[in-house]
$ cat entry.cif   # mmCIF, C-alpha atoms
data_data
#
loop_
_atom_site.label_atom_id
_atom_site.label_comp_id
_atom_site.auth_asym_id
_atom_site.auth_seq_id
_atom_site.Cartn_x
_atom_site.Cartn_y
_atom_site.Cartn_z
CA MET C 1 54.70 123.33 125.19
CA ARG C 2 57.13 125.50 127.07
CA ARG C 3 58.73 128.50 125.41
CA LEU C 4 62.05 129.77 126.66
CA TYR C 5 62.96 133.41 126.28
CA HIS C 6 66.33 133.83 124.63
CA PRO C 7 68.30 137.03 125.28
CA ARG C 8 69.29 137.31 121.63
CA GLY C 9 65.74 136.86 120.41
CA LEU C 10 66.02 133.21 119.46
CA THR C 11 63.42 130.75 120.60
CA ASP C 12 63.53 126.99 120.35
CA VAL C 13 60.19 125.51 121.32
CA ARG C 14 60.85 121.94 120.36
CA PRO C 15 61.10 119.30 123.09
CA ARG C 16 64.68 118.14 123.42
CA ALA C 17 63.70 114.64 122.30
CA ARG C 18 62.74 116.00 118.90
CA ARG C 19 65.99 117.83 118.36
CA GLY C 20 68.91 116.19 116.68
CA LYS C 21 72.46 116.19 117.99
CA GLU C 22 72.48 119.85 117.03
CA SER C 23 69.41 122.01 116.93
CA TYR C 24 68.65 124.94 114.68
CA VAL C 25 66.58 128.03 115.32
CA HIS C 26 65.83 131.02 113.19
CA ASP C 27 67.21 134.48 113.83
CA SER C 28 65.33 136.63 111.33
CA LEU C 29 66.35 135.10 108.00
CA LYS C 30 69.56 133.51 109.22
CA ARG C 31 69.82 129.92 110.35
CA VAL C 32 71.79 129.65 113.56
CA GLN C 33 73.35 126.53 114.97
CA VAL C 34 72.95 126.00 118.70
CA ASP C 35 75.69 123.89 120.26
CA GLU C 36 75.07 121.01 122.62
CA PHE C 37 75.11 121.80 126.35
CA ASP C 38 78.65 122.74 127.38
CA GLU C 39 78.84 120.95 130.72
CA GLU C 40 82.45 121.92 131.35
CA ALA C 41 81.62 125.62 130.99
CA PHE C 42 78.62 125.06 133.29
CA ILE C 43 80.81 123.50 135.99
CA ALA C 44 83.41 126.25 135.59
CA ALA C 45 80.66 128.88 136.00
CA LEU C 46 79.49 127.22 139.21
CA SER C 47 83.02 127.38 140.58
CA ARG C 48 83.04 131.19 140.21
CA VAL C 49 80.15 131.68 142.66
CA ARG C 50 79.21 130.17 146.02
CA ALA C 51 77.43 127.11 144.65
CA LEU C 52 77.35 123.50 145.81
CA LEU C 53 76.42 120.68 143.46
CA ILE C 54 74.09 118.43 145.45
CA GLY C 55 71.73 115.55 144.62
CA ARG C 56 72.73 112.52 142.61
CA ARG C 57 75.27 114.44 140.49
CA ALA C 58 77.31 114.87 143.67
CA LEU C 59 77.14 111.12 144.28
CA ILE C 60 78.35 110.44 140.76
CA ALA C 61 81.19 112.92 141.27
CA LEU C 62 82.20 110.86 144.30
CA GLY C 63 82.23 107.68 142.21
CA LEU C 64 78.78 106.22 142.84
CA PRO C 65 77.15 105.08 139.57
CA VAL C 66 73.53 106.21 140.07
CA LEU C 67 71.14 107.45 137.40
CA THR C 68 69.96 111.04 137.13
CA ALA C 69 68.88 113.49 134.46
CA ASP C 70 69.08 116.85 136.20
CA TYR C 71 71.53 119.02 138.08
CA ASP C 72 70.73 120.19 141.62
CA VAL C 73 72.59 123.23 142.86
CA TRP C 74 72.44 124.97 146.23
CA LEU C 75 73.45 128.57 145.67
CA HIS C 76 74.19 131.33 148.15
CA ILE C 77 71.16 133.63 148.17
CA ASP C 78 73.30 136.68 147.32
CA ASP C 79 74.82 135.04 144.24
CA ILE C 80 71.70 134.58 142.09
CA GLU C 81 72.45 137.50 139.78
CA ALA C 82 76.11 136.47 139.48
CA LEU C 83 75.26 132.87 138.56
CA ASN C 84 72.60 133.94 136.05
CA ALA C 85 75.12 136.25 134.39
CA GLU C 86 77.72 133.47 134.29
CA LEU C 87 75.25 131.06 132.68
CA ALA C 88 73.60 133.43 130.20
CA PRO C 89 76.26 132.72 127.53
CA LEU C 90 75.29 129.03 127.81
CA ASP C 91 71.64 129.98 127.19
CA LEU C 92 70.66 128.62 130.59
CA LEU C 93 67.69 130.82 131.38
CA PRO C 94 66.01 131.36 134.77
CA ASN C 95 62.27 130.74 135.12
CA ARG C 96 61.98 133.42 137.86
CA SER C 97 63.48 136.81 138.56
CA PRO C 98 66.05 136.90 141.40
CA ALA C 99 63.49 138.57 143.70
CA GLU C 100 60.91 135.86 142.99
CA ALA C 101 63.55 133.16 143.46
CA ARG C 102 64.49 134.63 146.85
CA ARG C 103 60.83 134.57 147.90
CA ALA C 104 60.28 131.01 146.69
CA GLY C 105 63.66 129.70 147.88
CA ARG C 106 64.34 128.10 144.53
CA TYR C 107 64.24 128.49 140.77
CA VAL C 108 65.02 126.56 137.63
CA LEU C 109 67.54 127.16 134.86
CA GLU C 110 66.72 125.59 131.51
CA ASN C 111 67.92 125.30 127.97
CA GLY C 112 66.96 121.70 127.32
CA GLU C 113 69.07 120.77 130.34
CA HIS C 114 67.29 121.24 133.66
CA VAL C 115 69.03 122.76 136.67
CA ASP C 116 67.16 123.03 139.98
CA VAL C 117 68.68 125.88 141.99
CA PHE C 118 67.96 126.13 145.72
CA VAL C 119 68.64 129.56 147.20
CA ALA C 120 67.21 129.34 150.71
CA ARG C 121 69.63 130.22 153.50
CA ALA C 122 68.55 127.03 155.27
CA ILE C 123 66.42 124.01 154.34
CA PRO C 124 64.77 121.67 156.87
CA THR C 125 65.12 117.90 156.68
CA VAL C 126 61.92 115.84 156.87
CA ASP C 127 62.55 115.33 160.59
CA GLY C 128 62.97 119.06 161.23
CA VAL C 129 66.73 119.58 161.30
CA SER C 130 67.63 122.97 159.81
CA VAL C 131 70.52 122.69 157.35
CA ALA C 132 72.24 126.00 156.66
CA PHE C 133 74.02 126.78 153.40
CA ASP C 134 76.80 128.64 155.21
CA ASP C 135 77.63 125.59 157.33
CA LEU C 136 77.81 123.32 154.29
CA TRP C 137 79.90 125.88 152.44
CA THR C 138 82.44 125.93 155.28
CA ARG C 139 82.84 122.14 155.07
CA ARG C 140 82.75 121.86 151.25
CA GLN C 141 85.07 119.62 149.22
CA ALA C 142 86.34 119.80 145.66
CA VAL C 143 86.29 116.88 143.22
CA ALA C 144 88.16 116.97 139.91
CA TYR C 145 85.68 117.38 137.07
CA SER C 146 88.35 117.60 134.37
CA PRO C 147 92.01 118.68 134.25
CA LYS C 148 90.70 122.25 134.00
CA ALA C 149 87.79 122.41 136.44
CA ASP C 150 86.72 121.21 139.86
CA ILE C 151 83.23 120.50 141.18
CA VAL C 152 82.40 121.85 144.62
CA ILE C 153 80.17 119.56 146.66
CA PRO C 154 79.22 119.22 150.35
CA SER C 155 81.12 116.85 152.65
CA ILE C 156 79.73 113.30 152.66
CA GLU C 157 78.18 113.89 156.08
CA ASP C 158 76.42 117.01 154.77
CA LEU C 159 75.33 115.27 151.56
CA ILE C 160 73.59 112.71 153.76
CA LEU C 161 71.74 115.58 155.45
CA THR C 162 70.64 117.03 152.09
CA LYS C 163 69.32 113.59 151.16
CA ARG C 164 66.92 113.94 154.08
CA PHE C 165 65.20 116.98 152.52
CA GLY C 166 62.76 114.99 150.42
CA GLY C 167 62.00 111.75 152.24
CA ARG C 168 61.83 109.76 149.00
CA LYS C 169 62.45 106.05 148.71
CA ARG C 170 65.40 106.56 146.46
CA ASP C 171 67.02 108.89 149.01
CA ILE C 172 67.27 105.97 151.42
CA ALA C 173 69.34 104.01 148.90
CA ASP C 174 71.53 107.06 148.30
CA ILE C 175 72.03 107.56 152.04
CA GLU C 176 73.04 103.92 152.37
CA TYR C 177 75.62 104.36 149.59
CA LEU C 178 76.97 107.50 151.21
CA GLU C 179 77.14 105.87 154.66
CA ALA C 180 79.04 102.95 153.12
CA LEU C 181 81.42 105.35 151.37
CA LYS C 182 81.92 107.35 154.56
CA SER C 183 82.77 104.26 156.57
CA ARG C 184 85.66 103.46 154.21
CA ARG C 185 87.18 106.92 154.38
CA PRO C 186 89.66 108.01 157.03
CA MET O 1 62.94 103.01 133.24
CA THR O 2 59.18 102.87 132.84
CA HIS O 3 56.95 105.65 134.10
CA ALA O 4 55.62 103.37 136.86
CA LEU O 5 59.14 102.50 138.04
CA ARG O 6 60.14 106.15 138.02
CA GLU O 7 57.08 107.03 140.10
CA LEU O 8 57.98 104.31 142.59
CA ASP O 9 61.54 105.63 142.74
CA LEU O 10 60.32 109.13 143.60
CA GLU O 11 57.64 107.98 146.03
CA THR O 12 57.72 109.86 149.34
CA LEU O 13 57.57 107.86 152.54
CA PRO O 14 55.97 108.87 155.86
CA VAL O 15 58.57 110.68 157.97
CA GLU O 16 58.71 108.00 160.68
CA GLU O 17 59.24 105.24 158.13
CA PHE O 18 61.85 107.27 156.26
CA MET O 19 63.82 108.00 159.45
CA ARG O 20 63.51 104.40 160.65
CA ARG O 21 65.03 103.15 157.42
CA CYS O 22 67.72 105.83 157.45
CA ALA O 23 68.77 104.71 160.93
CA LEU O 24 69.31 101.06 159.94
CA PRO O 25 72.98 100.12 160.10
CA VAL O 26 74.72 99.53 156.81
CA SER O 27 75.73 95.90 156.42
CA PRO O 28 79.37 94.90 155.88
CA GLU O 29 78.30 93.42 152.53
CA THR O 30 76.89 96.77 151.40
CA ILE O 31 80.04 98.56 152.53
CA GLU O 32 82.23 96.09 150.66
CA GLY O 33 80.01 96.09 147.56
CA THR O 34 79.88 99.88 147.45
CA ALA O 35 83.66 100.13 147.81
CA GLU O 36 84.16 97.71 144.91
CA LEU O 37 81.63 99.58 142.77
CA VAL O 38 83.25 102.95 143.44
CA ALA O 39 86.74 101.56 142.83
CA TRP O 40 85.64 100.19 139.44
CA PHE O 41 83.78 103.35 138.43
CA VAL O 42 86.60 105.71 139.38
CA ARG O 43 89.25 103.49 137.77
CA ARG O 44 87.24 103.16 134.53
CA TYR O 45 86.18 106.84 134.49
CA PRO O 46 88.83 108.82 136.37
CA THR O 47 87.20 112.27 136.16
CA ALA O 48 83.72 113.40 137.11
CA GLN O 49 83.33 114.60 133.51
CA ALA O 50 83.83 111.03 132.25
CA ARG O 51 81.51 109.64 134.93
CA PHE O 52 78.76 112.13 134.01
CA ALA O 53 79.11 111.15 130.35
CA TYR O 54 78.84 107.46 131.25
CA ILE O 55 75.67 108.11 133.27
CA ARG O 56 74.15 110.05 130.34
CA ARG O 57 74.76 107.06 128.07
CA ALA O 58 73.48 104.59 130.65
CA ARG O 59 70.30 106.63 131.21
CA ALA O 60 69.69 106.83 127.47
CA ARG O 61 69.97 103.02 127.28
CA VAL O 62 67.52 102.55 130.18
CA LEU O 63 64.98 104.95 128.65
CA ARG O 64 65.21 103.40 125.17
#
$ encode --input "entry.cif" --output "structure tokens"
Amino acid sequence: MRRLYHPRGLTDVRPRARRGKESYVHDSLKRVQVDEFDEEAFIAALSRVRALLIGRRALIALGLPVLTADYDVWLHIDDIEALNAELAPLDLLPNRSPAEARRAGRYVLENGEHVDVFVARAIPTVDGVSVAFDDLWTRRQAVAYSPKADIVIPSIEDLILTKRFGGRKRDIADIEYLEALKSRRP
Amino acid sequence: MTHALRELDLETLPVEEFMRRCALPVSPETIEGTAELVAWFVRRYPTAQARFAYIRRARARVLR
């Protein structure tokens, strides 16, 4: 079972499935209530750094009803510390130090939710095309998350490129959806 | 979604096969069907926040 370090000394080791709508952990003798994941605050935090929401969440943001459980984020390599600081109040904790994340090109943020964070400057597609974060960032688009926050995602053309990173069967279906969506847009 | 189905969904294809399938043209039926699906989803759930919440509920139903 995985243990997550909590900056205030609280640790919840239970799998999410065994927690109720609200979970409780002990802080010395006090019982402390931990709120459900605040997705709106998470999205707002992303908007304060150079971060692109990619993967199926981006498809859903565009209006495609596909299933997913996680969040995939492509973050500028110089913004790791800034994002971690933004997300610490939400108890989203990194599994690697920023230096380790830079070496590996990725890390994970967790608190029951799972956020895959890619931090490489460029990622190759399965057929060897190098996709650079800076290029995608230049062509980014914003989608309304709520009246108070926007989600920043790549252009549809660039999302199609990111779907060629993994070469999975389900990526082909996603690419087909995105191509169909693209063909109906001016 | 069963474990076996999830594994199938995440299965990686050989590069040549993946690129061959990516290069197939999208049929007019798929374009039309996708447009209708998106129009319904965005009309029913106007913000990404509402769409994410719907997907959470749908996923919970599938996994039940």
$ resolve_selection --input "entry.cif" --expression "the PyMOL selection byres ((chain O) within 6 of (chain C))" --output "list in words"
Asp9, Leu10, Glu11, Thr12, Leu13, Ile31, Val38, Phe41, Val42, Thr47, Ala48 and Gln49 of chain O
$ resolve_selection --input "entry.cif" --expression "the PyMOL selection byres ((chain C and resi 82-94) around 6)" --output "list in words"
Ala45, Asp79, Ile80, Glu81, Asn95, Arg96, Val108, Leu109, Glu110 and Asn111 of chain C
$ closest_residue --input "entry.cif" --among "C:Phe37, C:Asp70, C:Phe133, C:Arg48" --to "Ile55 (chain O)" --atoms "all atoms listed in the file"
C:Asp70
$ atom_distance --input "entry.cif" --atom1 "CA of Asp158 (chain C)" --atom2 "CA of Arg121 (chain C)"
14.9 Å
$ atom_distance --input "entry.cif" --atom1 "CA of Pro124 (chain C)" --atom2 "CA of Leu161 (chain C)"
9.4 Å
$ atom_distance --input "entry.cif" --atom1 "CA of Val73 (chain C)" --atom2 "CA of Ala60 (chain O)"
22.7 Å
$ closest_residue --input "entry.cif" --among "C:Arg106, C:His114, C:Arg56, C:Lys148" --to "Ala41 (chain C)" --atoms "all atoms listed in the file"
C:Lys148
$ closest_residue --input "entry.cif" --among "C:Gly105, C:Gly112, C:Pro154, C:Gly55" --to "Glu36 (chain C)" --atoms "only C-alpha atoms"
C:Gly112
$ closest_residue --input "entry.cif" --among "C:Ile153, C:Ile123, C:Leu52, C:Ile77" --to "Glu100 (chain C)" --atoms "only C-alpha atoms"
C:Ile77
$ decode --input "entry.cif" --residues "region 20-125 of chain C" --atoms "C-alpha atoms" --output "short mmCIF file (atom, residue, chain, number, x, y, z; two decimals), in the first residue's frame"
data_model
loop_
_atom_site.label_atom_id
_atom_site.label_comp_id
_atom_site.auth_asym_id
_atom_site.auth_seq_id
_atom_site.Cartn_x
_atom_site.Cartn_y
_atom_site.Cartn_z
CA GLY C 20 -16.23 7.56 2.15
CA LYS C 21 -17.36 10.78 0.53
CA GLU C 22 -15.15 12.48 3.08
CA SER C 23 -12.10 10.89 4.60
CA TYR C 24 -10.64 11.38 8.04
CA VAL C 25 -7.05 11.21 9.22
CA HIS C 26 -5.51 11.76 12.58
CA ASP C 27 -3.35 14.74 13.47
CA SER C 28 -2.03 13.84 16.91
CA LEU C 29 -5.21 13.52 18.95
CA LYS C 30 -7.39 15.66 16.71
CA ARG C 31 -9.61 14.27 14.01
CA VAL C 32 -9.27 16.26 10.81
CA GLN C 33 -11.66 16.24 7.91
CA VAL C 34 -10.09 16.14 4.45
CA ASP C 35 -12.26 17.66 1.74
CA GLU C 36 -12.94 16.02 -1.60
CA PHE C 37 -10.63 16.95 -4.48
CA ASP C 38 -11.20 20.58 -5.42
CA GLU C 39 -11.03 20.31 -9.19
CA GLU C 40 -11.80 23.98 -9.78
CA ALA C 41 -8.85 25.04 -7.61
CA PHE C 42 -6.71 22.50 -9.47
CA ILE C 43 -7.66 23.97 -12.86
CA ALA C 44 -7.11 27.50 -11.56
CA ALA C 45 -3.64 26.50 -10.31
CA LEU C 46 -2.77 25.09 -13.74
CA SER C 47 -3.74 28.40 -15.33
CA ARG C 48 -1.14 30.24 -13.22
CA VAL C 49 1.80 28.32 -14.74
CA ARG C 50 2.73 27.21 -18.25
CA ALA C 51 0.73 23.99 -18.25
CA LEU C 52 -1.33 22.30 -20.95
CA LEU C 53 -4.04 19.80 -20.11
CA ILE C 54 -3.61 16.95 -22.59
CA GLY C 55 -4.94 13.38 -22.90
CA ARG C 56 -8.60 12.49 -22.71
CA ARG C 57 -9.44 15.34 -20.30
CA ALA C 58 -8.63 17.73 -23.14
CA LEU C 59 -11.01 15.81 -25.42
CA ILE C 60 -13.76 16.05 -22.82
CA ALA C 61 -13.10 19.78 -22.49
CA LEU C 62 -13.68 20.04 -26.24
CA GLY C 63 -17.00 18.22 -25.92
CA LEU C 64 -16.08 14.62 -26.68
CA PRO C 65 -17.65 12.21 -24.15
CA VAL C 66 -14.80 9.73 -23.57
CA LEU C 67 -13.98 7.93 -20.33
CA THR C 68 -10.90 8.65 -18.25
CA ALA C 69 -9.83 8.57 -14.63
CA ASP C 70 -6.65 10.63 -14.59
CA TYR C 71 -5.38 14.05 -15.54
CA ASP C 72 -2.46 14.42 -17.97
CA VAL C 73 -0.57 17.68 -17.87
CA TRP C 74 2.37 18.86 -19.97
CA LEU C 75 4.23 21.43 -17.92
CA HIS C 76 7.06 23.76 -18.89
CA ILE C 77 10.24 22.29 -17.42
CA ASP C 78 11.03 25.52 -15.53
CA ASP C 79 7.62 25.61 -13.82
CA ILE C 80 7.81 22.41 -11.74
CA GLU C 81 8.49 24.19 -8.45
CA ALA C 82 5.80 26.78 -9.16
CA LEU C 83 3.15 24.16 -9.95
CA ASN C 84 4.06 22.06 -6.90
CA ALA C 85 3.73 25.15 -4.70
CA GLU C 86 0.36 26.00 -6.27
CA LEU C 87 -0.94 22.48 -5.66
CA ALA C 88 0.44 21.89 -2.17
CA PRO C 89 -2.65 23.47 -0.53
CA LEU C 90 -4.74 20.85 -2.38
CA ASP C 91 -2.54 18.11 -0.90
CA LEU C 92 -1.45 17.04 -4.38
CA LEU C 93 2.00 15.68 -3.63
CA PRO C 94 4.81 14.96 -6.11
CA ASN C 95 6.37 11.48 -6.20
CA ARG C 96 9.76 12.92 -7.29
CA SER C 97 11.83 15.97 -6.51
CA PRO C 98 11.97 18.61 -9.28
CA ALA C 99 15.54 17.54 -10.16
CA GLU C 100 14.49 13.88 -10.47
CA ALA C 101 11.43 14.89 -12.51
CA ARG C 102 13.64 16.87 -14.89
CA ARG C 103 15.89 13.84 -15.35
CA ALA C 104 12.99 11.44 -15.89
CA GLY C 105 10.93 13.87 -18.01
CA ARG C 106 7.84 13.22 -15.93
CA TYR C 107 6.42 12.82 -12.45
CA VAL C 108 3.13 12.12 -10.72
CA LEU C 109 1.02 14.22 -8.36
CA GLU C 110 -1.29 12.29 -6.07
CA ASN C 111 -3.77 12.70 -3.28
CA GLY C 112 -6.23 10.02 -4.28
CA GLU C 113 -6.53 11.77 -7.63
CA HIS C 114 -3.75 10.91 -10.06
CA VAL C 115 -2.08 13.56 -12.21
CA ASP C 116 0.61 12.53 -14.72
CA VAL C 117 2.89 15.51 -15.34
CA PHE C 118 5.18 15.52 -18.38
CA VAL C 119 8.05 17.99 -18.14
CA ALA C 120 10.25 17.11 -21.12
CA ARG C 121 11.01 20.01 -23.46
CA ALA C 122 10.04 17.73 -26.36
CA ILE C 123 8.44 14.30 -26.68
CA PRO C 124 8.73 12.06 -29.77
CA THR C 125 5.72 10.47 -31.43
#
